[in-house]
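Student: Just so it is clear, I am handing over start_6.cif, which has mmCIF, C-alpha atoms.
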```
data_target
#
loop_
_atom_site.label_atom_id
_atom_site.label_comp_id
_atom_site.auth_asym_id
_atom_site.auth_seq_id
_atom_site.Cartn_x
_atom_site.Cartn_y
_atom_site.Cartn_z
CA ARG C 1 -0.56 -57.02 -23.25
CA LEU C 2 -1.92 -59.93 -21.23
CA PRO C 3 -4.64 -62.18 -22.62
CA MET C 4 -8.11 -61.33 -21.33
CA ASN C 5 -8.49 -64.63 -19.45
CA ILE C 6 -5.37 -63.88 -17.38
CA GLN C 7 -6.56 -60.30 -16.78
CA MET C 8 -9.92 -61.65 -15.57
CA ALA C 9 -8.20 -64.09 -13.21
CA LEU C 10 -6.06 -61.29 -11.80
CA ARG C 11 -9.16 -59.14 -11.28
CA ILE C 12 -10.84 -61.90 -9.31
CA ALA C 13 -7.72 -62.60 -7.24
CA SER C 14 -7.32 -58.89 -6.49
CA CYS C 15 -10.73 -58.80 -4.81
CA PHE C 16 -9.29 -60.89 -1.97
CA GLY C 17 -6.34 -58.58 -1.35
CA MET C 18 -2.63 -59.20 -1.85
CA GLN C 19 -3.06 -62.95 -1.59
CA VAL C 20 -5.72 -65.56 -2.21
CA GLU C 21 -6.03 -69.20 -1.26
CA ASP C 22 -6.90 -71.52 -4.13
CA TRP C 23 -10.02 -72.84 -2.33
CA MET C 24 -11.48 -69.32 -2.45
CA ILE C 25 -11.53 -69.47 -6.26
CA ILE C 26 -14.40 -71.67 -7.36
CA ASP C 27 -13.79 -71.55 -11.13
CA SER C 28 -11.00 -73.96 -12.12
CA ASN C 29 -10.30 -71.89 -15.25
CA VAL C 30 -9.43 -68.93 -13.03
CA LEU C 31 -6.94 -71.10 -11.13
CA VAL C 32 -5.31 -72.19 -14.39
CA ASN C 33 -5.02 -68.56 -15.44
CA LEU C 34 -3.55 -67.60 -12.06
CA ASP C 35 -0.87 -70.20 -12.75
CA HIS C 36 -0.26 -68.39 -16.05
CA ALA C 37 0.03 -65.14 -14.08
CA VAL C 38 2.68 -66.85 -11.94
CA TYR C 39 4.53 -67.83 -15.12
CA GLU C 40 4.29 -64.21 -16.31
CA GLY C 41 5.86 -63.04 -13.04
CA LEU C 42 2.80 -61.15 -11.76
CA MET C 43 2.07 -63.52 -8.90
CA GLU C 44 3.95 -66.10 -6.88
CA ARG C 45 2.54 -69.36 -5.65
CA PHE C 46 3.36 -70.85 -2.27
CA GLY C 47 1.52 -74.14 -1.99
CA SER C 48 -2.17 -73.26 -2.22
CA THR C 49 -1.63 -69.50 -1.89
CA PHE C 50 -1.29 -67.07 -4.77
CA VAL C 51 0.45 -63.81 -3.84
CA PHE C 52 0.77 -60.66 -5.93
CA VAL C 53 4.46 -59.86 -6.42
CA HIS C 54 3.94 -56.18 -5.65
CA ALA C 55 1.20 -53.90 -4.34
CA SER C 56 1.21 -52.00 -7.63
CA VAL C 57 0.37 -55.21 -9.54
CA HIS C 58 -2.48 -55.88 -7.13
CA SER C 59 -3.73 -52.31 -7.44
CA ALA C 60 -3.56 -52.39 -11.24
CA ALA C 61 -5.51 -55.67 -11.33
CA TYR C 62 -8.18 -54.34 -8.95
CA ASN C 63 -8.47 -51.11 -10.94
CA LEU C 64 -9.33 -53.17 -14.03
CA ILE C 65 -12.72 -53.74 -12.40
CA PRO C 66 -14.97 -50.78 -13.21
CA ASP C 67 -16.07 -48.94 -10.06
CA ASN C 68 -19.73 -49.55 -10.83
CA GLU C 69 -19.16 -53.34 -11.01
CA ARG C 70 -17.02 -53.89 -7.90
CA SER C 71 -19.88 -54.37 -5.45
CA ALA C 72 -21.51 -56.99 -7.64
CA VAL C 73 -18.20 -58.82 -8.13
CA HIS C 74 -17.57 -58.96 -4.37
CA MET C 75 -21.12 -60.21 -3.73
CA LYS C 76 -20.75 -62.89 -6.39
CA LEU C 77 -17.43 -64.09 -4.93
CA GLY C 78 -18.88 -64.21 -1.42
CA LEU C 79 -21.85 -66.26 -2.60
CA GLU C 80 -19.62 -68.61 -4.56
CA ILE C 81 -17.59 -69.33 -1.43
CA ILE C 82 -20.77 -70.20 0.45
CA PHE C 83 -22.30 -72.34 -2.27
CA ASN C 84 -19.16 -73.53 -4.15
CA LYS C 85 -20.80 -72.32 -7.36
CA SER C 86 -22.79 -69.38 -8.67
CA ALA C 87 -25.83 -68.91 -6.49
CA LYS C 88 -28.28 -66.51 -5.01
CA LEU C 89 -28.52 -65.55 -1.37
CA ASP C 90 -31.64 -67.65 -0.77
CA CYS C 91 -31.82 -70.55 1.71
CA VAL C 92 -28.39 -69.69 3.09
CA ASP C 93 -29.03 -70.14 6.81
CA GLY C 94 -28.72 -73.93 6.89
CA ILE C 95 -25.68 -73.93 4.64
CA VAL C 96 -23.80 -71.31 6.65
CA LYS C 97 -24.17 -73.27 9.89
CA ASN C 98 -22.09 -76.07 8.35
CA LEU C 99 -19.35 -73.88 6.90
CA PRO C 100 -15.90 -73.88 8.50
CA ASP C 101 -14.82 -70.54 10.00
CA SER C 102 -12.32 -69.94 7.19
CA LYS C 103 -15.11 -69.98 4.61
CA VAL C 104 -17.37 -67.81 6.77
CA PHE C 105 -14.54 -65.25 7.11
CA ALA C 106 -13.80 -65.21 3.38
CA ALA C 107 -17.46 -65.13 2.33
CA ILE C 108 -18.58 -62.42 4.76
CA ASP C 109 -15.53 -60.31 3.89
CA GLN C 110 -16.53 -60.35 0.23
CA ILE C 111 -20.21 -59.77 0.98
CA ASN C 112 -19.38 -56.87 3.31
CA ARG C 113 -17.20 -55.36 0.59
CA SER C 114 -20.19 -55.56 -1.75
CA ARG C 115 -22.07 -52.96 0.26
CA PRO C 116 -23.84 -50.67 -0.73
CA ILE C 117 -25.73 -53.37 -2.66
CA SER C 118 -29.16 -53.02 -1.17
CA ILE C 119 -30.49 -56.12 0.54
CA SER C 120 -34.02 -55.67 1.80
CA ASN C 121 -35.03 -59.26 2.51
CA PRO C 122 -35.14 -59.60 6.33
CA ALA C 123 -34.26 -63.32 6.24
CA ILE C 124 -31.14 -62.64 4.20
CA LEU C 125 -30.17 -59.73 6.43
CA ARG C 126 -30.58 -62.02 9.45
CA VAL C 127 -28.25 -64.63 7.91
CA LEU C 128 -25.65 -61.98 7.08
CA SER C 129 -25.91 -60.65 10.65
CA LYS C 130 -25.32 -64.17 11.98
CA MET C 131 -22.29 -64.58 9.71
CA ASN C 132 -20.86 -61.24 10.85
CA LEU C 133 -21.51 -62.14 14.48
CA ARG C 134 -19.78 -65.50 14.05
CA ALA C 135 -16.81 -63.91 12.29
CA GLY C 136 -16.64 -61.10 14.87
CA ASN C 137 -16.69 -63.53 17.79
CA ALA C 138 -13.93 -65.59 16.19
CA CYS C 139 -11.87 -62.42 15.72
CA MET C 140 -12.39 -61.55 19.39
CA GLU C 141 -11.09 -65.00 20.38
CA MET C 142 -7.95 -64.26 18.34
CA SER C 143 -7.63 -60.79 19.94
CA ASP C 144 -8.14 -59.18 16.52
CA PHE C 145 -10.35 -56.44 17.89
CA GLN C 146 -10.22 -54.19 14.85
CA SER C 147 -11.54 -56.92 12.54
CA ALA C 148 -14.11 -57.92 15.15
CA GLN C 149 -15.40 -54.35 15.26
CA LYS C 150 -15.76 -54.26 11.47
CA ASN C 151 -17.80 -57.45 11.55
CA PHE C 152 -19.98 -56.30 14.43
CA LEU C 153 -20.72 -52.99 12.70
CA ALA C 154 -21.44 -54.49 9.26
#
```
Could the structure of this file be written out as structure tokens, please?

Tutor:
Amino acid sequence: RLPMNIQMALRIASCFGMQVEDWMIIDSNVLVNLDHAVYEGLMERFGSTFVFVHASVHSAAYNLIPDNERSAVHMKLGLEIIFNKSAKLDCVDGIVKNLPDSKVFAAIDQINRSRPISISNPAILRVLSKMNLRAGNACMEMSDFQSAQKNFLA
């Protein structure tokens, strides 16, 4: 049985899919524990990228997150990417304008996965719409029409 800190790191990494870049993980303790997961043979590391060794390992890690907590975890991860720490979705507009596209993509992906968390604040909804529009337009420029559609519809 894996120690809880490694299990928690695998849960967080699994939220990003089969692979995660180290800059997406804000907590340095999680990165240390992902290195332990590499040592345990559950992930591989290629430079700054951690990759699950098999889809079943990824699925098992993701399934460790209770269904009723997944939306909140995705929202938290998206916000951490935007703010580089734990934060709330207040005063985001100015910060988002200065984010590189890679961070906008990663953050909005996590925030979109957090739905159906109800967001009723019109200012926050406007910022999320701008982020989705920016990500969707970038996807269109890369001819990734399926991803663009997901962003435009979010």

Student: I'd like the interatomic distance between atom CA of Ile26 of chain C and atom CA of Phe145 of chain C, to a tenth of an Å.

Tutor: 29.8 Å

Student: Please provide as a list in words all residues within 7 Å of segment 52-56 of chain C, with the sequence filter that same-chain residues fewer than 2 positions apart are discarded (counting all atoms listed in the file).

Tutor: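 The neighbour list is Met18, Gln19, Leu42, Met43, Glu44, Phe50, His58, Ser59 and Ala60 of chain C.
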
Student: Need to verify the contact set: Gln110 of chain C, 9 Å, all atoms listed in the file, exclusion of same-chain residues closer than 2 positions in sequence. Can you return it as a CSV table (one decimal) with C-alpha atoms, in the frame of the given file?

Tutor:
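Contents of the output file out.csv:
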```
chain,number,residue,atom,x,y,z
C,15,CYS,CA,-10.7,-58.8,-4.8
C,16,PHE,CA,-9.3,-60.9,-2.0
C,71,SER,CA,-19.9,-54.4,-5.4
C,73,VAL,CA,-18.2,-58.8,-8.1
C,74,HIS,CA,-17.6,-59.0,-4.4
C,75,MET,CA,-21.1,-60.2,-3.7
C,76,LYS,CA,-20.8,-62.9,-6.4
C,77,LEU,CA,-17.4,-64.1,-4.9
C,78,GLY,CA,-18.9,-64.2,-1.4
C,79,LEU,CA,-21.8,-66.3,-2.6
C,105,PHE,CA,-14.5,-65.2,7.1
C,106,ALA,CA,-13.8,-65.2,3.4
C,107,ALA,CA,-17.5,-65.1,2.3
C,108,ILE,CA,-18.6,-62.4,4.8
C,112,ASN,CA,-19.4,-56.9,3.3
C,113,ARG,CA,-17.2,-55.4,0.6
C,114,SER,CA,-20.2,-55.6,-1.8
```

Student: Step by step, work through what the PyMOL selection byres ((chain C and resi 149) around 10) selects in the shown file, and finish by giving those residues as a ChimeraX atom specification.

Tutor: /C:132-133,136-137,139-140,144-148,150-154

Student: Figure out the distance between atom CA of Ser28 of chain C and atom CA of Ile124 of chain C, please, to one decimal in Å.

Tutor: 28.3 Å

Student: Can you tell me how far atom CA of Ile65 of chain C sits from atom CA of Ser129 of chain C, in Å to one decimal?

Tutor: 27.4 Å

Student: Contacts of segment 30-34 of chain C at 8 Å or less, counting only C-alpha atoms, minus same-chain residues fewer than 4 places along, as a list in words?

Tutor: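 That gives Asn5, Ile6, Met8, Ala9, Leu10, Asp22, Ile25, Val38, Met43 and Phe50 of chain C.
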
Student: Taking (-3.2, -70.7, -0.5) in the file's coordinates as the center, which residues reach within 10 Å of it, counting all atoms listed in the file, put as JSON, numbers by chain?

Tutor: {"C": [19, 20, 21, 22, 23, 24, 45, 46, 47, 48, 49, 50, 51]}

Student: Taking only C-alpha atoms into account, name the residue in C:Gly17, C:Ser120, C:Ala138, C:Val57 that is nearest to Glu40 of chain C.

Tutor: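 Using only C-alpha atoms, the shortest distance to Glu40 of chain C belongs to C:Val57.
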
Student: Taking the partial coordinates given, rebuild segment 107-127 of chain C to contain N, CA, C and O atoms; return it as an mmCIF file, in the frame of the given file.

Tutor:
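The new file result.cif reads:
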```cif
data_model
loop_
_atom_site.group_PDB
_atom_site.id
_atom_site.type_symbol
_atom_site.label_atom_id
_atom_site.label_comp_id
_atom_site.auth_asym_id
_atom_site.auth_seq_id
_atom_site.Cartn_x
_atom_site.Cartn_y
_atom_site.Cartn_z
ATOM 1 N N ALA C 107 -16.181 -65.477 2.960
ATOM 2 C CA ALA C 107 -17.460 -65.130 2.330
ATOM 3 C C ALA C 107 -17.993 -63.804 2.869
ATOM 4 O O ALA C 107 -18.390 -62.927 2.095
ATOM 5 N N ILE C 108 -17.998 -63.642 4.187
ATOM 6 C CA ILE C 108 -18.580 -62.420 4.760
ATOM 7 C C ILE C 108 -17.709 -61.214 4.431
ATOM 8 O O ILE C 108 -18.220 -60.108 4.232
ATOM 9 N N ASP C 109 -16.404 -61.410 4.309
ATOM 10 C CA ASP C 109 -15.530 -60.310 3.890
ATOM 11 C C ASP C 109 -15.928 -59.820 2.507
ATOM 12 O O ASP C 109 -16.058 -58.611 2.281
ATOM 13 N N GLN C 110 -16.133 -60.751 1.580
ATOM 14 C CA GLN C 110 -16.530 -60.350 0.230
ATOM 15 C C GLN C 110 -17.912 -59.722 0.221
ATOM 16 O O GLN C 110 -18.131 -58.699 -0.431
ATOM 17 N N ILE C 111 -18.846 -60.317 0.953
ATOM 18 C CA ILE C 111 -20.210 -59.770 0.980
ATOM 19 C C ILE C 111 -20.219 -58.386 1.619
ATOM 20 O O ILE C 111 -20.882 -57.471 1.124
ATOM 21 N N ASN C 112 -19.451 -58.200 2.691
ATOM 22 C CA ASN C 112 -19.380 -56.870 3.310
ATOM 23 C C ASN C 112 -18.760 -55.848 2.365
ATOM 24 O O ASN C 112 -19.143 -54.674 2.368
ATOM 25 N N ARG C 113 -17.806 -56.273 1.561
ATOM 26 C CA ARG C 113 -17.200 -55.360 0.590
ATOM 27 C C ARG C 113 -18.177 -55.002 -0.521
ATOM 28 O O ARG C 113 -17.970 -54.036 -1.240
ATOM 29 N N SER C 114 -19.222 -55.817 -0.684
ATOM 30 C CA SER C 114 -20.190 -55.560 -1.750
ATOM 31 C C SER C 114 -21.156 -54.440 -1.391
ATOM 32 O O SER C 114 -21.894 -53.972 -2.242
ATOM 33 N N ARG C 115 -21.175 -54.041 -0.131
ATOM 34 C CA ARG C 115 -22.070 -52.960 0.260
ATOM 35 C C ARG C 115 -21.673 -51.735 -0.534
ATOM 36 O O ARG C 115 -20.497 -51.537 -0.746
ATOM 37 N N PRO C 116 -22.477 -50.978 -1.095
ATOM 38 C CA PRO C 116 -23.840 -50.670 -0.730
ATOM 39 C C PRO C 116 -24.906 -51.424 -1.525
ATOM 40 O O PRO C 116 -25.990 -50.879 -1.703
ATOM 41 N N ILE C 117 -24.638 -52.632 -2.033
ATOM 42 C CA ILE C 117 -25.730 -53.370 -2.660
ATOM 43 C C ILE C 117 -26.856 -53.469 -1.652
ATOM 44 O O ILE C 117 -26.657 -53.876 -0.518
ATOM 45 N N SER C 118 -28.015 -53.076 -2.076
ATOM 46 C CA SER C 118 -29.160 -53.020 -1.170
ATOM 47 C C SER C 118 -29.770 -54.401 -1.012
ATOM 48 O O SER C 118 -30.144 -55.044 -1.986
ATOM 49 N N ILE C 119 -29.836 -54.862 0.217
ATOM 50 C CA ILE C 119 -30.490 -56.120 0.540
ATOM 51 C C ILE C 119 -31.645 -55.776 1.463
ATOM 52 O O ILE C 119 -31.435 -55.266 2.566
ATOM 53 N N SER C 120 -32.855 -56.043 1.007
ATOM 54 C CA SER C 120 -34.020 -55.670 1.800
ATOM 55 C C SER C 120 -34.733 -56.869 2.409
ATOM 56 O O SER C 120 -35.596 -56.701 3.263
ATOM 57 N N ASN C 121 -34.381 -58.066 1.989
ATOM 58 C CA ASN C 121 -35.030 -59.260 2.510
ATOM 59 C C ASN C 121 -34.585 -59.491 3.959
ATOM 60 O O ASN C 121 -33.404 -59.712 4.223
ATOM 61 N N PRO C 122 -35.511 -59.452 4.919
ATOM 62 C CA PRO C 122 -35.140 -59.600 6.330
ATOM 63 C C PRO C 122 -34.469 -60.932 6.647
ATOM 64 O O PRO C 122 -33.572 -60.986 7.484
ATOM 65 N N ALA C 123 -34.873 -62.003 5.985
ATOM 66 C CA ALA C 123 -34.260 -63.320 6.240
ATOM 67 C C ALA C 123 -32.794 -63.324 5.818
ATOM 68 O O ALA C 123 -31.934 -63.858 6.521
ATOM 69 N N ILE C 124 -32.520 -62.711 4.684
ATOM 70 C CA ILE C 124 -31.140 -62.640 4.200
ATOM 71 C C ILE C 124 -30.311 -61.748 5.112
ATOM 72 O O ILE C 124 -29.177 -62.082 5.470
ATOM 73 N N LEU C 125 -30.872 -60.622 5.511
ATOM 74 C CA LEU C 125 -30.170 -59.730 6.430
ATOM 75 C C LEU C 125 -29.863 -60.430 7.754
ATOM 76 O O LEU C 125 -28.790 -60.251 8.334
ATOM 77 N N ARG C 126 -30.782 -61.274 8.206
ATOM 78 C CA ARG C 126 -30.580 -62.020 9.450
ATOM 79 C C ARG C 126 -29.408 -63.011 9.301
ATOM 80 O O ARG C 126 -28.573 -63.132 10.182
ATOM 81 N N VAL C 127 -29.343 -63.687 8.161
ATOM 82 C CA VAL C 127 -28.250 -64.630 7.910
ATOM 83 C C VAL C 127 -26.919 -63.887 7.855
ATOM 84 O O VAL C 127 -25.926 -64.331 8.446
#
```
